[in-house]
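Engineer: Let me begin by handing over the structure; questions about it come next.
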Amino acid sequence: MGNIIVITQEGIEPELWSNFLKACNEKGWKYSTLSKKKMPIEHKGVKIYRKKVK
């Protein structure tokens, strides 16, 4: 069906986002740069990946 964006960082509970642009805006990250990279992404000690939702 769709995808969920999962943002994980050691010692912090994972965050789930349905919209990568909104996640980037909330975190202060450059969407235009990160969206061009292939997932999974490691950015500033944070792991970002997509997970399929049934």
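Letters A, B, ... mark the chains of the structure tokens in the order given; residue numbers begin at 1 per chain; ligand numbers begin at 1, in order shown.
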If we count only C-alpha atoms, what is near segment 21-30 of chain A at a cut-off of 10 Å, once residues fewer than 2 positions away on the same chain are taken out, given as number ranges by chain?
Structural biologist: A: 5-7, 15-19, 32-35, 43-44
Engineer: Report the residues of chain A whose backbone DSSP state falls under strand (DSSP E or B), written as an MDAnalysis selection string.
Structural biologist: chainID A and resid 2:9 12:17 41:43 46:53
Engineer: Restricting it to N, CA and C atoms, dump the selection as a PDB file, in the first residue's frame.
Structural biologist:
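Final output, again_32.pdb:
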```pdb
ATOM      1  N   GLY A   2       1.510   1.536   1.144  1.00  0.00           N
ATOM      2  CA  GLY A   2       2.290   2.757   1.232  1.00  0.00           C
ATOM      3  C   GLY A   2       3.570   2.539   2.005  1.00  0.00           C
ATOM      4  N   ASN A   3       4.246   3.623   2.286  1.00  0.00           N
ATOM      5  CA  ASN A   3       5.492   3.581   3.026  1.00  0.00           C
ATOM      6  C   ASN A   3       5.418   4.497   4.238  1.00  0.00           C
ATOM      7  N   ILE A   4       6.168   4.131   5.258  1.00  0.00           N
ATOM      8  CA  ILE A   4       6.355   4.959   6.438  1.00  0.00           C
ATOM      9  C   ILE A   4       7.836   5.277   6.515  1.00  0.00           C
ATOM     10  N   ILE A   5       8.182   6.485   6.869  1.00  0.00           N
ATOM     11  CA  ILE A   5       9.562   6.873   7.077  1.00  0.00           C
ATOM     12  C   ILE A   5       9.879   6.630   8.545  1.00  0.00           C
ATOM     13  N   VAL A   6      10.939   5.871   8.806  1.00  0.00           N
ATOM     14  CA  VAL A   6      11.352   5.570  10.173  1.00  0.00           C
ATOM     15  C   VAL A   6      12.671   6.296  10.424  1.00  0.00           C
ATOM     16  N   ILE A   7      12.720   7.061  11.517  1.00  0.00           N
ATOM     17  CA  ILE A   7      13.929   7.789  11.899  1.00  0.00           C
ATOM     18  C   ILE A   7      14.374   7.243  13.243  1.00  0.00           C
ATOM     19  N   THR A   8      15.581   6.677  13.269  1.00  0.00           N
ATOM     20  CA  THR A   8      16.092   6.091  14.508  1.00  0.00           C
ATOM     21  C   THR A   8      17.414   6.735  14.903  1.00  0.00           C
ATOM     22  N   GLN A   9      17.598   6.823  16.210  1.00  0.00           N
ATOM     23  CA  GLN A   9      18.837   7.334  16.771  1.00  0.00           C
ATOM     24  C   GLN A   9      19.075   6.558  18.056  1.00  0.00           C
ATOM     25  N   ILE A  12      17.183   6.792  21.634  1.00  0.00           N
ATOM     26  CA  ILE A  12      15.921   7.526  21.469  1.00  0.00           C
ATOM     27  C   ILE A  12      14.929   6.628  20.744  1.00  0.00           C
ATOM     28  N   GLU A  13      13.679   6.679  21.170  1.00  0.00           N
ATOM     29  CA  GLU A  13      12.635   5.865  20.538  1.00  0.00           C
ATOM     30  C   GLU A  13      12.467   6.272  19.069  1.00  0.00           C
ATOM     31  N   PRO A  14      12.292   5.294  18.167  1.00  0.00           N
ATOM     32  CA  PRO A  14      12.127   5.605  16.736  1.00  0.00           C
ATOM     33  C   PRO A  14      10.916   6.500  16.482  1.00  0.00           C
ATOM     34  N   GLU A  15      11.045   7.355  15.482  1.00  0.00           N
ATOM     35  CA  GLU A  15       9.941   8.217  15.061  1.00  0.00           C
ATOM     36  C   GLU A  15       9.406   7.698  13.737  1.00  0.00           C
ATOM     37  N   LEU A  16       8.102   7.756  13.571  1.00  0.00           N
ATOM     38  CA  LEU A  16       7.452   7.336  12.329  1.00  0.00           C
ATOM     39  C   LEU A  16       6.812   8.551  11.672  1.00  0.00           C
ATOM     40  N   TRP A  17       7.062   8.703  10.380  1.00  0.00           N
ATOM     41  CA  TRP A  17       6.512   9.803   9.612  1.00  0.00           C
ATOM     42  C   TRP A  17       5.871   9.255   8.343  1.00  0.00           C
ATOM     43  N   ILE A  41      19.386   6.052   4.710  1.00  0.00           N
ATOM     44  CA  ILE A  41      20.296   7.189   4.794  1.00  0.00           C
ATOM     45  C   ILE A  41      20.822   7.297   6.221  1.00  0.00           C
ATOM     46  N   GLU A  42      22.091   7.644   6.370  1.00  0.00           N
ATOM     47  CA  GLU A  42      22.642   8.015   7.671  1.00  0.00           C
ATOM     48  C   GLU A  42      22.978   9.497   7.597  1.00  0.00           C
ATOM     49  N   HIS A  43      22.397  10.273   8.508  1.00  0.00           N
ATOM     50  CA  HIS A  43      22.564  11.723   8.484  1.00  0.00           C
ATOM     51  C   HIS A  43      22.707  12.231   9.912  1.00  0.00           C
ATOM     52  N   VAL A  46      21.854   9.846  12.630  1.00  0.00           N
ATOM     53  CA  VAL A  46      20.473   9.363  12.579  1.00  0.00           C
ATOM     54  C   VAL A  46      20.325   8.444  11.372  1.00  0.00           C
ATOM     55  N   LYS A  47      19.618   7.335  11.553  1.00  0.00           N
ATOM     56  CA  LYS A  47      19.329   6.434  10.438  1.00  0.00           C
ATOM     57  C   LYS A  47      17.905   6.680   9.977  1.00  0.00           C
ATOM     58  N   ILE A  48      17.747   6.806   8.664  1.00  0.00           N
ATOM     59  CA  ILE A  48      16.438   7.076   8.062  1.00  0.00           C
ATOM     60  C   ILE A  48      16.182   5.998   7.018  1.00  0.00           C
ATOM     61  N   TYR A  49      15.034   5.328   7.116  1.00  0.00           N
ATOM     62  CA  TYR A  49      14.693   4.321   6.135  1.00  0.00           C
ATOM     63  C   TYR A  49      13.195   4.234   5.944  1.00  0.00           C
ATOM     64  N   ARG A  50      12.802   3.581   4.851  1.00  0.00           N
ATOM     65  CA  ARG A  50      11.380   3.385   4.532  1.00  0.00           C
ATOM     66  C   ARG A  50      10.963   1.973   4.931  1.00  0.00           C
ATOM     67  N   LYS A  51       9.729   1.863   5.380  1.00  0.00           N
ATOM     68  CA  LYS A  51       9.155   0.571   5.739  1.00  0.00           C
ATOM     69  C   LYS A  51       7.797   0.469   5.060  1.00  0.00           C
ATOM     70  N   LYS A  52       7.560  -0.655   4.369  1.00  0.00           N
ATOM     71  CA  LYS A  52       6.261  -0.884   3.704  1.00  0.00           C
ATOM     72  C   LYS A  52       5.155  -1.070   4.747  1.00  0.00           C
ATOM     73  N   VAL A  53       3.999  -0.525   4.437  1.00  0.00           N
ATOM     74  CA  VAL A  53       2.817  -0.683   5.274  1.00  0.00           C
ATOM     75  C   VAL A  53       1.780  -1.433   4.476  1.00  0.00           C
TER      76      VAL A  53
END
```
Engineer: Which parts of chain A does DSSP call alpha helix (DSSP H) when run on the backbone here, written out as a list of chain:residue names?
Structural biologist: A:Phe20, A:Leu21, A:Lys22, A:Ala23, A:Cys24, A:Asn25, A:Glu26, A:Lys27, A:Tyr31, A:Ser32, A:Thr33, A:Leu34
Engineer: Would you export the selected residues with C-alpha atoms as an mmCIF file, in the first residue's frame, please?
Structural biologist:
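The resulting file, out26.cif, is reproduced below:
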```
data_model
loop_
_atom_site.group_PDB
_atom_site.id
_atom_site.type_symbol
_atom_site.label_atom_id
_atom_site.label_comp_id
_atom_site.auth_asym_id
_atom_site.auth_seq_id
_atom_site.Cartn_x
_atom_site.Cartn_y
_atom_site.Cartn_z
ATOM 1 C CA PHE A 20 9.466 12.784 4.330
ATOM 2 C CA LEU A 21 9.222 16.492 3.472
ATOM 3 C CA LYS A 22 7.411 17.258 6.734
ATOM 4 C CA ALA A 23 9.932 15.182 8.696
ATOM 5 C CA CYS A 24 12.825 17.110 7.142
ATOM 6 C CA ASN A 25 11.166 20.456 7.843
ATOM 7 C CA GLU A 26 10.492 19.508 11.474
ATOM 8 C CA LYS A 27 14.093 18.333 11.968
ATOM 9 C CA TYR A 31 14.880 17.916 1.954
ATOM 10 C CA SER A 32 16.291 18.683 -1.497
ATOM 11 C CA THR A 33 19.622 17.074 -0.562
ATOM 12 C CA LEU A 34 18.330 14.084 1.404
#
```
